[in-house]
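Peer 1: Contents of coords.cif (mmCIF, C-alpha atoms):
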data_structure
loop_
_atom_site.label_atom_id
_atom_site.label_comp_id
_atom_site.auth_asym_id
_atom_site.auth_seq_id
_atom_site.Cartn_x
_atom_site.Cartn_y
_atom_site.Cartn_z
CA MET A 13 103.38 84.01 115.17
CA LYS A 14 105.51 80.89 115.63
CA THR A 15 102.35 78.91 116.36
CA VAL A 16 100.74 80.09 113.10
CA VAL A 17 103.86 79.22 111.10
CA ALA A 18 103.99 75.77 112.67
CA ILE A 19 100.35 75.15 111.83
CA LEU A 20 100.89 76.27 108.23
CA ILE A 21 103.94 74.02 107.83
CA ALA A 22 102.07 71.06 109.30
CA ALA A 23 99.12 71.71 107.00
CA PHE A 24 101.42 71.91 103.98
CA LEU A 25 103.20 68.68 104.88
CA PHE A 26 99.88 66.91 105.43
CA ALA A 27 98.56 68.15 102.10
CA GLY A 28 101.77 67.08 100.37
CA THR A 29 101.60 63.63 101.94
CA SER A 30 97.94 63.26 100.94
CA CYS A 31 98.71 64.37 97.40
CA LYS A 32 101.56 61.85 97.15
CA LYS A 33 99.29 59.10 98.45
CA PHE A 34 96.66 60.02 95.88
CA LEU A 35 99.19 60.03 93.05
CA ALA A 36 100.66 56.75 94.23
CA VAL A 37 97.25 55.07 94.23
CA TYR A 38 96.40 56.55 90.84
CA SER A 39 99.68 55.58 89.24
CA GLN A 40 99.37 52.00 90.47
CA ASN A 41 95.96 51.72 88.88
CA LYS A 42 97.05 53.59 85.72
CA THR A 43 94.04 52.69 83.65
CA PHE A 44 90.33 52.07 83.46
CA LEU A 45 90.90 49.56 80.64
CA GLN A 46 90.27 46.12 82.02
CA THR A 47 89.44 44.00 78.97
CA ALA A 48 90.35 43.63 75.31
CA ASP A 49 86.94 45.10 74.45
CA ASP A 50 87.87 48.23 76.41
CA LEU A 51 91.14 48.49 74.49
CA GLU A 52 89.37 47.94 71.17
CA GLU A 53 86.94 50.72 72.02
CA VAL A 54 89.77 53.18 72.59
CA LEU A 55 91.50 52.11 69.37
CA VAL A 56 88.38 52.46 67.21
CA GLY A 57 86.76 55.41 68.98
CA GLU A 58 89.84 57.52 69.72
CA GLY A 59 92.70 56.06 67.69
CA TYR A 60 91.03 56.02 64.29
CA LEU A 61 89.99 59.36 62.85
CA GLY A 62 86.27 59.85 62.43
CA GLY A 63 87.04 61.84 59.31
CA PRO A 64 90.22 63.14 57.73
CA VAL A 65 91.21 66.44 59.34
CA TRP A 66 93.70 67.23 56.58
CA VAL A 67 91.07 67.73 53.88
CA LYS A 68 92.21 71.31 53.23
CA TYR A 69 95.79 70.24 52.53
CA ALA A 70 94.73 68.71 49.23
CA PHE A 71 94.77 72.28 47.96
CA MET A 72 98.49 72.73 48.53
CA ASP A 73 98.65 70.78 45.26
CA ASP A 74 98.63 72.45 41.85
CA ASP A 75 96.09 69.92 40.55
CA ALA A 76 93.37 72.17 42.03
CA GLU A 77 92.80 75.88 41.49
CA TYR A 78 90.54 78.42 43.11
CA HIS A 79 87.91 79.53 40.62
CA PRO A 80 89.01 82.95 39.33
CA GLY A 81 86.57 85.83 39.43
CA VAL A 82 84.18 84.22 41.92
CA PRO A 83 83.36 86.28 45.05
CA TYR A 84 84.47 84.74 48.34
CA ALA A 85 80.90 84.42 49.69
CA ASN A 86 79.27 87.16 51.74
CA GLU A 87 82.23 87.89 53.99
CA LYS A 88 84.55 88.08 50.97
CA SER A 89 87.16 85.96 52.77
CA PHE A 90 89.10 83.06 51.33
CA PRO A 91 89.42 80.54 54.22
CA ARG A 92 92.25 78.43 52.82
CA PHE A 93 94.11 81.32 51.26
CA GLY A 94 97.31 80.85 53.29
CA ILE A 95 97.56 77.15 52.51
CA HIS A 96 96.56 77.30 48.85
CA PHE A 97 99.02 80.08 48.04
CA TRP A 98 101.84 78.78 50.28
CA GLN A 99 101.93 81.89 52.47
CA GLN A 100 104.40 82.48 55.27
CA ASP A 101 101.48 82.29 57.73
CA PRO A 102 99.34 79.44 56.34
CA ASP A 103 96.79 79.79 59.16
CA MET A 104 95.69 83.26 57.96
CA ASP A 105 92.85 83.75 55.47
CA SER A 106 92.68 86.29 52.66
CA GLN A 107 91.51 89.00 55.10
CA ASN A 108 94.46 88.32 57.42
CA MET A 109 92.14 86.70 59.96
CA LEU A 110 93.08 83.54 61.83
CA ASP A 111 91.86 80.29 60.27
CA ALA A 112 91.69 78.28 63.50
CA SER A 113 91.22 74.96 61.73
CA TYR A 114 94.89 74.93 60.75
CA ALA A 115 95.94 74.71 64.41
CA ASN A 116 92.97 72.50 65.26
CA ASP A 117 94.18 69.84 62.86
CA TYR A 118 97.54 69.80 64.61
CA GLY A 119 95.89 69.25 67.99
CA GLU A 120 93.46 66.67 66.65
CA LEU A 121 96.24 64.44 65.33
CA TYR A 122 98.15 64.63 68.63
CA LYS A 123 94.93 63.77 70.44
CA ARG A 124 94.73 60.58 68.40
CA ILE A 125 98.39 59.82 69.08
CA ALA A 126 97.74 60.21 72.82
CA ALA A 127 94.98 57.60 72.58
CA LEU A 128 97.30 55.22 70.72
CA ASN A 129 99.98 55.68 73.37
CA THR A 130 97.38 54.66 75.94
CA VAL A 131 96.74 51.52 73.91
CA PHE A 132 100.46 50.67 73.97
CA LEU A 133 100.59 51.25 77.73
CA ASN A 134 97.76 48.82 78.39
CA ILE A 135 98.73 45.94 76.11
CA PRO A 136 101.33 44.46 78.51
CA LEU A 137 98.94 45.01 81.44
CA LEU A 138 96.23 43.01 79.66
CA LYS A 139 98.74 40.30 78.77
CA GLU A 140 99.19 39.77 82.50
CA LYS A 141 95.45 39.12 82.68
CA ASN A 142 95.75 36.38 80.05
CA VAL A 143 93.86 38.30 77.38
CA SER A 144 94.15 36.67 73.93
CA SER A 145 97.66 37.39 72.65
CA ALA A 146 96.49 37.18 69.01
CA ARG A 147 93.91 39.90 69.57
CA LEU A 148 96.37 42.12 71.40
CA LEU A 149 98.89 41.62 68.58
CA ARG A 150 96.35 42.80 66.02
CA ILE A 151 95.39 45.82 68.13
CA SER A 152 99.06 46.69 68.56
CA GLY A 153 99.65 46.37 64.81
CA GLU A 154 96.80 48.70 63.96
CA ALA A 155 97.97 51.19 66.59
CA HIS A 156 101.55 51.14 65.27
CA PHE A 157 100.32 51.85 61.75
CA LEU A 158 98.04 54.68 62.88
CA ARG A 159 100.71 56.39 64.96
CA ALA A 160 103.15 56.26 62.05
CA TRP A 161 100.50 57.57 59.68
CA TYR A 162 99.64 60.54 61.92
CA TYR A 163 103.31 61.42 62.36
CA PHE A 164 103.71 61.13 58.59
CA LEU A 165 100.94 63.70 58.11
CA LEU A 166 102.27 65.97 60.85
CA VAL A 167 105.88 66.02 59.74
CA ASN A 168 104.99 66.61 56.09
CA ILE A 169 102.54 69.41 56.88
CA TYR A 170 104.31 71.14 59.77
CA GLY A 171 107.96 70.09 59.41
CA LYS A 172 110.64 70.49 56.78
CA PRO A 173 110.74 68.18 53.77
CA TYR A 174 113.08 65.21 54.11
CA SER A 175 116.54 65.81 52.70
CA GLY A 176 119.25 63.24 53.38
CA ALA A 177 121.91 65.94 53.70
CA THR A 178 120.11 67.96 56.39
CA ALA A 179 117.46 65.67 57.94
CA ALA A 180 119.56 65.13 61.08
CA THR A 181 119.41 68.85 61.91
CA ASP A 182 116.20 70.05 60.22
CA PHE A 183 113.25 70.69 62.52
CA GLY A 184 110.38 68.23 62.31
CA ILE A 185 107.60 68.01 64.89
CA PRO A 186 107.45 66.89 68.56
CA LEU A 187 107.56 63.13 69.14
CA LYS A 188 105.32 61.86 71.94
CA LEU A 189 105.72 58.13 72.45
CA SER A 190 104.44 57.60 75.98
CA SER A 191 101.10 58.17 77.67
CA GLU A 192 102.55 59.94 80.71
CA ILE A 193 101.57 63.57 81.20
CA GLU A 194 104.70 65.72 81.33
CA SER A 195 104.92 69.30 82.52
CA ALA A 196 107.99 70.21 80.46
CA PRO A 197 107.31 71.68 77.01
CA PHE A 198 108.07 69.38 74.11
CA ALA A 199 110.96 70.17 71.82
CA ARG A 200 110.73 69.55 68.11
CA ALA A 201 112.44 66.36 67.03
CA THR A 202 114.56 66.42 63.91
CA VAL A 203 113.09 65.24 60.62
CA GLN A 204 115.45 62.25 60.79
CA GLN A 205 114.20 61.25 64.25
CA VAL A 206 110.58 61.44 63.12
CA PHE A 207 111.22 59.35 60.00
CA ASP A 208 113.18 56.80 62.03
CA GLN A 209 110.29 56.46 64.50
CA MET A 210 107.77 56.06 61.68
CA GLU A 211 109.89 53.29 60.20
CA ILE A 212 110.07 51.51 63.57
CA ASP A 213 106.29 51.69 64.01
CA LEU A 214 105.54 50.52 60.47
CA LEU A 215 107.93 47.59 60.61
CA GLU A 216 106.28 46.55 63.88
CA ALA A 217 102.86 46.89 62.25
CA GLU A 218 103.98 44.79 59.29
CA LYS A 219 105.05 41.97 61.63
CA GLU A 220 102.08 42.19 63.99
CA LEU A 221 99.49 42.22 61.18
CA SER A 222 101.06 39.36 59.24
CA GLY A 223 98.69 36.58 58.23
CA LEU A 224 95.53 38.44 59.24
CA ASN A 225 92.45 38.88 57.08
CA GLU A 226 92.92 41.80 54.66
CA SER A 227 89.37 41.88 53.34
CA SER A 228 88.38 45.04 55.24
CA ALA A 229 89.50 48.41 53.91
CA ILE A 230 88.37 50.22 57.05
CA ARG A 231 90.79 48.67 59.55
CA ALA A 232 94.55 48.78 59.04
CA ASN A 233 96.18 45.58 57.81
CA GLN A 234 99.62 44.43 56.69
CA ALA A 235 99.17 45.83 53.18
CA THR A 236 98.33 49.22 54.69
CA ALA A 237 101.59 49.25 56.62
CA GLN A 238 103.60 48.08 53.61
CA ALA A 239 102.04 50.75 51.39
CA LEU A 240 103.04 53.51 53.79
CA LEU A 241 106.50 52.00 54.14
CA SER A 242 106.94 52.25 50.38
CA ARG A 243 105.97 55.91 50.47
CA LEU A 244 108.16 56.55 53.52
CA TYR A 245 111.20 55.06 51.79
CA LEU A 246 110.45 57.07 48.64
CA TYR A 247 110.41 60.27 50.70
CA ARG A 248 113.55 59.15 52.53
CA GLU A 249 115.31 58.57 49.22
CA ASP A 250 115.78 54.85 49.95
CA TYR A 251 114.57 53.86 46.50
CA ALA A 252 115.42 50.16 46.54
CA LYS A 253 113.27 49.64 49.64
CA ALA A 254 110.50 51.76 48.13
CA VAL A 255 110.40 49.30 45.21
CA THR A 256 110.54 46.27 47.51
CA TYR A 257 107.57 47.41 49.58
CA ALA A 258 105.58 48.53 46.56
CA ASN A 259 106.01 45.02 45.15
CA LYS A 260 104.82 43.45 48.41
CA VAL A 261 101.49 45.24 48.04
CA ILE A 262 101.21 44.80 44.27
CA GLU A 263 101.61 41.04 44.72
CA LYS A 264 98.65 40.86 47.11
CA ARG A 265 94.96 40.45 46.25
CA TYR A 266 94.36 44.00 44.98
CA ASN A 267 93.77 44.72 41.30
CA LEU A 268 93.67 47.79 39.11
CA ALA A 269 90.11 48.60 38.05
CA ASN A 270 89.24 48.00 34.41
CA MET A 271 88.10 51.40 33.16
CA ASN A 272 86.16 49.77 30.33
CA THR A 273 83.78 48.14 32.80
CA TRP A 274 82.98 51.36 34.65
CA THR A 275 79.32 52.37 34.46
CA ALA A 276 78.81 56.05 33.73
CA GLY A 277 77.11 57.93 36.55
CA THR A 278 78.41 55.61 39.29
CA PRO A 279 81.33 56.28 41.68
CA PHE A 280 84.63 55.05 40.27
CA ILE A 281 85.88 53.97 43.70
CA SER A 282 83.98 52.66 46.73
CA LEU A 283 84.63 50.66 49.87
CA THR A 284 84.50 47.46 47.81
CA SER A 285 86.75 48.61 44.95
CA SER A 286 89.51 46.18 44.05
CA GLU A 287 91.99 49.08 44.15
CA VAL A 288 91.21 50.30 47.68
CA ILE A 289 93.66 49.18 50.36
CA HIS A 290 92.58 51.45 53.20
CA THR A 291 90.06 54.24 53.67
CA ILE A 292 88.09 56.19 56.23
CA PRO A 293 84.38 55.71 55.49
CA VAL A 294 82.18 58.78 55.74
CA SER A 295 78.54 59.61 55.18
CA GLY A 296 77.57 62.18 52.58
CA THR A 297 80.07 64.60 51.10
CA ASP A 298 81.93 65.57 54.27
CA PHE A 299 85.71 65.33 54.01
CA ASN A 300 85.64 64.36 50.34
CA MET A 301 87.14 66.33 47.50
CA ASN A 302 83.62 67.20 46.37
CA ASP A 303 83.00 68.93 49.69
CA LEU A 304 85.50 71.60 48.63
CA MET A 305 84.73 71.49 44.90
CA LYS A 306 81.21 72.91 44.71
CA ASP A 307 79.23 73.61 41.58
CA ILE A 308 79.17 77.42 41.40
CA SER A 309 76.53 77.33 38.67
CA ILE A 310 74.17 76.10 41.42
CA ASN A 311 75.64 77.97 44.40
CA PRO A 312 77.66 80.96 43.17
CA SER A 313 78.29 82.39 46.67
CA THR A 314 80.10 79.34 48.07
CA ASN A 315 83.63 79.54 49.45
CA ASN A 316 84.28 76.00 48.32
CA ASN A 317 84.64 76.69 44.63
CA TYR A 318 87.85 74.95 43.69
CA ARG A 319 88.06 73.10 40.40
CA ALA A 320 90.52 70.83 38.60
CA SER A 321 93.35 72.84 37.12
CA GLU A 322 93.83 73.25 33.40
CA GLU A 323 97.31 71.75 33.78
CA LEU A 324 95.82 68.54 35.16
CA LEU A 325 93.03 68.35 32.59
CA ASN A 326 95.44 68.84 29.70
CA ILE A 327 97.13 65.55 30.61
CA PHE A 328 94.02 63.65 29.47
CA SER A 329 92.87 63.38 25.89
CA ASN A 330 89.16 63.90 25.22
CA LYS A 331 88.80 60.14 24.73
CA ASP A 332 90.54 59.23 27.99
CA LEU A 333 88.12 57.26 30.16
CA ARG A 334 89.64 58.76 33.30
CA ARG A 335 88.46 62.20 32.25
CA MET A 336 84.87 60.93 32.44
CA ALA A 337 85.22 58.59 35.44
CA PHE A 338 87.23 60.89 37.73
CA PHE A 339 85.40 64.19 37.14
CA THR A 340 81.98 65.72 36.68
CA THR A 341 81.44 68.70 34.40
CA THR A 342 79.30 71.65 35.53
CA ASP A 343 77.07 73.81 33.34
CA ASN A 344 79.75 76.47 33.14
CA GLY A 345 82.40 73.98 32.02
CA ASP A 346 84.28 73.40 35.29
CA PHE A 347 85.69 69.95 36.00
CA LEU A 348 85.17 68.85 39.62
CA ALA A 349 86.81 65.76 41.16
CA ARG A 350 84.23 63.04 41.79
CA LYS A 351 86.06 59.70 42.01
CA SER A 352 83.90 58.61 44.94
CA GLY A 353 80.65 60.00 43.59
CA GLU A 354 78.45 62.79 44.86
CA LYS A 355 77.09 61.40 48.13
CA GLY A 356 75.81 58.30 49.91
CA SER A 357 76.35 56.18 52.99
CA SER A 358 78.97 54.07 51.21
CA THR A 359 81.00 57.10 50.18
CA LEU A 360 84.61 56.83 51.21
CA ALA A 361 86.92 59.71 52.06
CA ASP A 362 88.80 60.07 48.81
CA LEU A 363 91.32 62.37 50.50
CA SER A 364 92.39 59.68 52.94
CA THR A 365 92.29 56.57 50.79
CA ILE A 366 95.31 54.40 50.02
CA ARG A 367 94.85 52.80 46.58
CA LEU A 368 96.83 50.34 44.50
CA PRO A 369 97.67 52.86 41.70
CA GLU A 370 99.74 54.80 44.24
CA LEU A 371 102.04 51.81 44.68
CA TYR A 372 102.69 51.66 40.94
CA LEU A 373 103.55 55.37 41.04
CA TYR A 374 105.92 54.93 44.00
CA LYS A 375 107.59 52.04 42.22
CA ALA A 376 107.84 53.87 38.89
CA GLU A 377 109.38 56.97 40.46
CA ALA A 378 111.88 54.94 42.48
CA LEU A 379 112.90 52.86 39.45
CA ALA A 380 113.31 55.99 37.33
CA ILE A 381 115.61 57.59 39.92
CA LEU A 382 117.61 54.36 40.12
CA GLY A 383 118.00 54.43 36.33
CA ARG A 384 116.16 51.14 35.93
CA ASN A 385 114.23 52.25 32.88
CA GLU A 386 113.49 48.74 31.69
#
Since I need it in another form, could you write the structure as structure tokens?
Peer 2:
Amino acid sequence: MKTVVAILIAAFLFAGTSCKKFLAVYSQNKTFLQTADDLEEVLVGEGYLGGPVWVKYAFMDDDAEYHPGVPYANEKSFPRFGIHFWQQDPDMDSQNMLDASYANDYGELYKRIAALNTVFLNIPLLKEKNVSSARLLRISGEAHFLRAWYYFLLVNIYGKPYSGATAATDFGIPLKLSSEIESAPFARATVQQVFDQMEIDLLEAEKELSGLNESSAIRANQATAQALLSRLYLYREDYAKAVTYANKVIEKRYNLANMNTWTAGTPFISLTSSEVIHTIPVSGTDFNMNDLMKDISINPSTNNNYRASEELLNIFSNKDLRRMAFFTTTDNGDFLARKSGEKGSSTLADLSTIRLPELYLYKAEALAILGRNE
């Protein structure tokens, strides 16, 4: 018996030593990323979203309504019921069945954050290999913006709203800032901690992306970071800074589109629009507002039969050019959002586009709260 025990102990110690050696070798290597091209591939392929996963959250807004009296397709279920009607369990549909996409979105955003953390890990390692510092600075800037953006989406969808009086104790979402795999479960950070981290990332992005070409709307640039900073400060009730950062973007090369020059039947916004600061390009209707606003006069059994609400439409007079440029009218009189057109390879994801008009709205709201009505 003693002999057997001794053999087992020896085997265990040998296995433990081998495991430690393996981990030691692995941790010294740390990465398969050896060049700036490798790092760029991770940033573009894993850091940037291939399509906005938060498309369904547009319908938490009262600008859209579910078409009354229309059957919920063959299965009679309403997939986004819990979200649209602000239910206690937003991941349940109208038949009290799990809508897995709600949880999937949560995991997808953290998957992207994990890729960005890998980028941050490897930047100093590539610096040691004398990789171009300018290129690494740009990659770092884009990664800082993206991580802040994803945390912004996560905390506003899954955490409590920011309130200066309670943000330090209100639950937000878990913060993962390193690429190391940890066995301990993650605790939820406070809303204040999440907002502070987003500010840190965005200020870094603003510095790192300074002076770079801002002609592309697909890759993050300094204006992208400044636009999100303005919105972050508006949410955080720091209104003076919200105005400052809105002005930084307004003073750049972007321009409001002249509605009088819009050609009827064409998309109002596109990848080359003077208003578009940042967007995720997509092909066809996927991930656009029109993917969830279907024409029920053509397909009456569709689940995706939202329409613009009467409250929104009543804001526009019948002569308002926006009423024609932003919507299409169906045979049964429904108004469906169509800012980016119906379809096409140049279609942008209108649910994940940062546009210049937003900055004017941030600035106007902040000035109004500050009492600067002039």
Peer 1: Choose the residue, out of A:Leu348, A:Ile169, A:Leu215, A:Arg124, that has the smallest atom-to-atom separation from Trp98 in chain A; count all atoms listed in the file.
Peer 2: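 Closest candidate: A:Ile169.
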Peer 1: With all atoms listed in the file as the atoms that count, which of A:Ala199, A:Leu360, A:Ala235, A:Leu283 lies nearest to Lys264 in chain A?
Peer 2: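 Comparing A:Ala199, A:Leu360, A:Ala235, A:Leu283 against Lys264 in chain A, the winner is A:Ala235.
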Peer 1: Find the distance between CA of Ile381 in chain A and CA of Ser175 in chain A and write it in Å to one decimal.
Peer 2: 15.2 Å
Peer 1: Could you name the residues that touch Leu324 in chain A at 10 Å or less, counting only C-alpha atoms, but leaving out those on the same chain fewer than 5 positions away, as a list of chain:residue names?
Peer 2: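 Non-adjacent residues within range: A:Asp74, A:Asp75, A:Ala76.
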Peer 1: Mind checking which residues fall within 7 Å of Ala179 in chain A, counting only C-alpha atoms, ignoring those fewer than 2 positions away in the same chain, and posting them as a ChimeraX atom specification?
Peer 2: /A:174-177,181-182,202-204
Peer 1: Using the chain letters and numbering of this document, enumerate as JSON, numbers by chain the residues selected by the PyMOL selection byres ((chain A and resi 345) around 12).
Peer 2: {"A": [79, 307, 308, 309, 319, 320, 322, 339, 340, 341, 342, 343, 344, 346, 347, 348]}
Peer 1: In Å, how far is it from CA of Lys123 in chain A to CA of Ile185 in chain A?
Peer 2: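 Answer for the CA of Lys123 in chain A to CA of Ile185 in chain A separation: 14.5 Å.
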Peer 1: Distance table requested - range 125-164 of chain A against range 102-119 of chain A, cut-off 12 Å, only C-alpha atoms: one row per qualifying residue with the closest atom pair and its distance in Å to one decimal, ordered by chain and rising residue number, as CSV.
Peer 2:
residue,atom,partner,partner_atom,distance
A:Ile125,CA,A:Gly119,CA,9.8
A:Ala126,CA,A:Gly119,CA,10.4
A:Tyr162,CA,A:Tyr118,CA,9.9
A:Tyr163,CA,A:Tyr118,CA,10.4
Peer 1: What is the distance, in Å and to one decimal place, between CA of Ala155 in chain A and CA of Glu287 in chain A?
Peer 2: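 According to the coordinates, CA of Ala155 in chain A and CA of Glu287 in chain A are separated by 23.3 Å.
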Peer 1: Mind giving me the axis-aligned box for range 43-58 of chain A with 4 Å on every side, centre plus edges in Å to one decimal, as lines of an AutoDock Vina configuration file?
Peer 2:
center_x = 90.4
center_y = 50.6
center_z = 75.4
size_x = 15.3
size_y = 21.9
size_z = 24.4
Peer 1: Would you mind listing what lies within 9 Å of Phe164 in chain A as a PyMOL selection string, with all atoms listed in the file counted and same-chain residues fewer than 5 positions away left out?
Peer 2: chain A and resi 159+169+206-207+210+244
Peer 1: For the structure provided, state which residues fall under the PyMOL selection byres ((chain A and resi 222) around 10), and present them as a PyMOL selection string.
Peer 2: chain A and resi 149-150+153+217-221+223-226+233-235
Peer 1: Which protein, DNA or RNA residues are at most 12 Å from (90.0, 56.0, 52.3) in the file's coordinates when you count only C-alpha atoms, listed as a ChimeraX atom specification?
Peer 2: /A:61-64,67,228-232,236,281-285,287-294,299-301,351-352,358-368
Peer 1: When the PyMOL selection byres ((chain A and resi 379) around 12) is applied to the structure above, which residues does it catch, written out as a list of chain:residue names?
Peer 2: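 Evaluating the PyMOL selection byres ((chain A and resi 379) around 12) on these coordinates yields A:Leu246, A:Glu249, A:Asp250, A:Tyr251, A:Ala252, A:Lys253, A:Ala254, A:Val255, A:Thr256, A:Ala258, A:Asn259, A:Tyr372, A:Leu373, A:Tyr374, A:Lys375, A:Ala376, A:Glu377, A:Ala378, A:Ala380, A:Ile381, A:Leu382, A:Gly383, A:Arg384, A:Asn385, A:Glu386.
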Peer 1: Can you pull out the residues contacting Pro186 in chain A? Cut-off 8 Å, using only C-alpha atoms, and skip same-chain residues under 4 positions away; I want them as a list in words.
Peer 2: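 Once the adjacent positions are removed, what remains is Phe198, Ala199, Arg200 and Ala201 of chain A.
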